[in-house]
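> Here you go, one structure.
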Amino acid sequence: MALAIALLAGVLLPCWGEFALFKKGCSHHSECFSDCCLVNLDSGGAFCAPRARIIMTCLPQTRSAINIVCPCQVGLSCIHKVPGCSRRCHLI
C-alpha cells in the first residue's frame with residue numbers, strides 16, 4: 001500500500017518524481033545523471049541535482065568537480081540579460 005502511494009505521488013507531483021533519479025552523494029559531475037554535482041553549504045557534503053530551468057540562476061558550464069549552481073537544461077542558454085544581475089537560463 002505504501003509503495004502504491006509513493007508511486008502515485010511521483011506521478012502527481014511533477015518535481016518529486018524527478019528528484020528520485022538523482023543520487024545523494026557525489027564528488028564529481030560525471031557521477032550524476034544530470035552532470036551537476038552541487039555542494040551542500042550546510043553540511044559540506046555534495047549531492048546530484050537537476051540542471052537549472054528557465055529563469056533560474058545558472059553557470060555557463062561546470063568549472064570544477066563540485067559547484068554551488070548548475071548549468072542550464074538542454075535548449076536553454078546561461079546569459080546576463082540585466083547588467084549587474086547573476087546569469088539566468090533563457091531560451092535563445
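How things are named: the first chain in the C-alpha cells is A, the next is B, and so on; residues count from 1 in each chain; ligands count from 1 in the order shown.
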Name the residues in contact with region 53-67 of chain A at a cut-off of 8 Å, using only C-alpha atoms, excluding same-chain residues fewer than 6 positions from it; report them as a list in words.
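Here the answer would be Ser27, His28, His29, Cys36, Cys37, Leu38, Val39, Ala46, Gln73, Leu76, Ser77, Cys78, Ile79, Ser86, Arg87, Arg88, Cys89, His90 and Leu91 of chain A.
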> Export, as a compact mmCIF listing (two decimals), in the first residue's frame, the selected residues with N, CA and C atoms.

# COMPACT_ATOMS: atom_id res chain seq x y z
N SER A 27 31.13 13.32 -5.85
CA SER A 27 32.37 14.09 -5.71
C SER A 27 32.77 14.73 -7.03
N HIS A 28 32.02 14.43 -8.11
CA HIS A 28 32.30 14.99 -9.43
C HIS A 28 31.03 14.95 -10.27
N HIS A 29 30.91 15.88 -11.22
CA HIS A 29 29.73 15.96 -12.10
C HIS A 29 29.49 14.68 -12.88
N CYS A 36 25.47 17.36 -12.82
CA CYS A 36 25.54 18.51 -11.93
C CYS A 36 25.66 18.04 -10.49
N CYS A 37 26.84 18.21 -9.90
CA CYS A 37 27.12 17.86 -8.51
C CYS A 37 27.23 19.16 -7.72
N LEU A 38 26.30 19.37 -6.79
CA LEU A 38 26.26 20.62 -6.01
C LEU A 38 26.78 20.40 -4.60
N VAL A 39 27.44 21.41 -4.08
CA VAL A 39 27.91 21.36 -2.70
C VAL A 39 26.75 21.75 -1.78
N ALA A 46 28.14 16.87 -0.76
CA ALA A 46 27.67 17.22 -2.10
C ALA A 46 26.59 16.24 -2.51
N GLN A 73 19.36 23.47 -18.42
CA GLN A 73 18.87 22.30 -19.14
C GLN A 73 19.17 22.46 -20.62
N LEU A 76 18.45 25.63 -23.31
CA LEU A 76 18.49 26.94 -22.66
C LEU A 76 19.93 27.44 -22.63
N SER A 77 20.09 28.76 -22.62
CA SER A 77 21.42 29.37 -22.55
C SER A 77 21.55 30.18 -21.27
N CYS A 78 22.73 30.12 -20.68
CA CYS A 78 23.01 30.83 -19.43
C CYS A 78 23.61 32.19 -19.79
N ILE A 79 22.81 33.25 -19.68
CA ILE A 79 23.27 34.58 -20.11
C ILE A 79 22.87 35.65 -19.10
N SER A 86 22.90 38.18 -11.68
CA SER A 86 23.51 36.89 -12.00
C SER A 86 22.97 36.34 -13.31
N ARG A 87 23.73 35.40 -13.87
CA ARG A 87 23.30 34.75 -15.10
C ARG A 87 22.06 33.91 -14.82
N ARG A 88 21.17 33.82 -15.83
CA ARG A 88 19.95 33.03 -15.73
C ARG A 88 19.74 32.27 -17.02
N CYS A 89 18.99 31.17 -16.93
CA CYS A 89 18.68 30.35 -18.12
C CYS A 89 17.59 31.02 -18.94
N HIS A 90 17.83 31.16 -20.25
CA HIS A 90 16.86 31.76 -21.16
C HIS A 90 16.82 30.98 -22.46
N LEU A 91 15.66 31.02 -23.11
CA LEU A 91 15.54 30.47 -24.46
C LEU A 91 16.17 31.46 -25.42
> Could you work out how far CA of Cys85 (chain A) lies from CA of Gly45 (chain A), giving the answer in Å with one decimal?
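These two atoms are separated by 27.6 Å.
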> Please, what distance in Å, to one decimal, runs between CA of Pro50 (chain A) and CA of Ser34 (chain A)?
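Going from CA of Pro50 (chain A) over to CA of Ser34 (chain A) covers 5.6 Å.
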> Could you jot down the CA of Asn40 (chain A) to CA of Pro71 (chain A) separation for me, Å, one decimal place?
16.5 Å
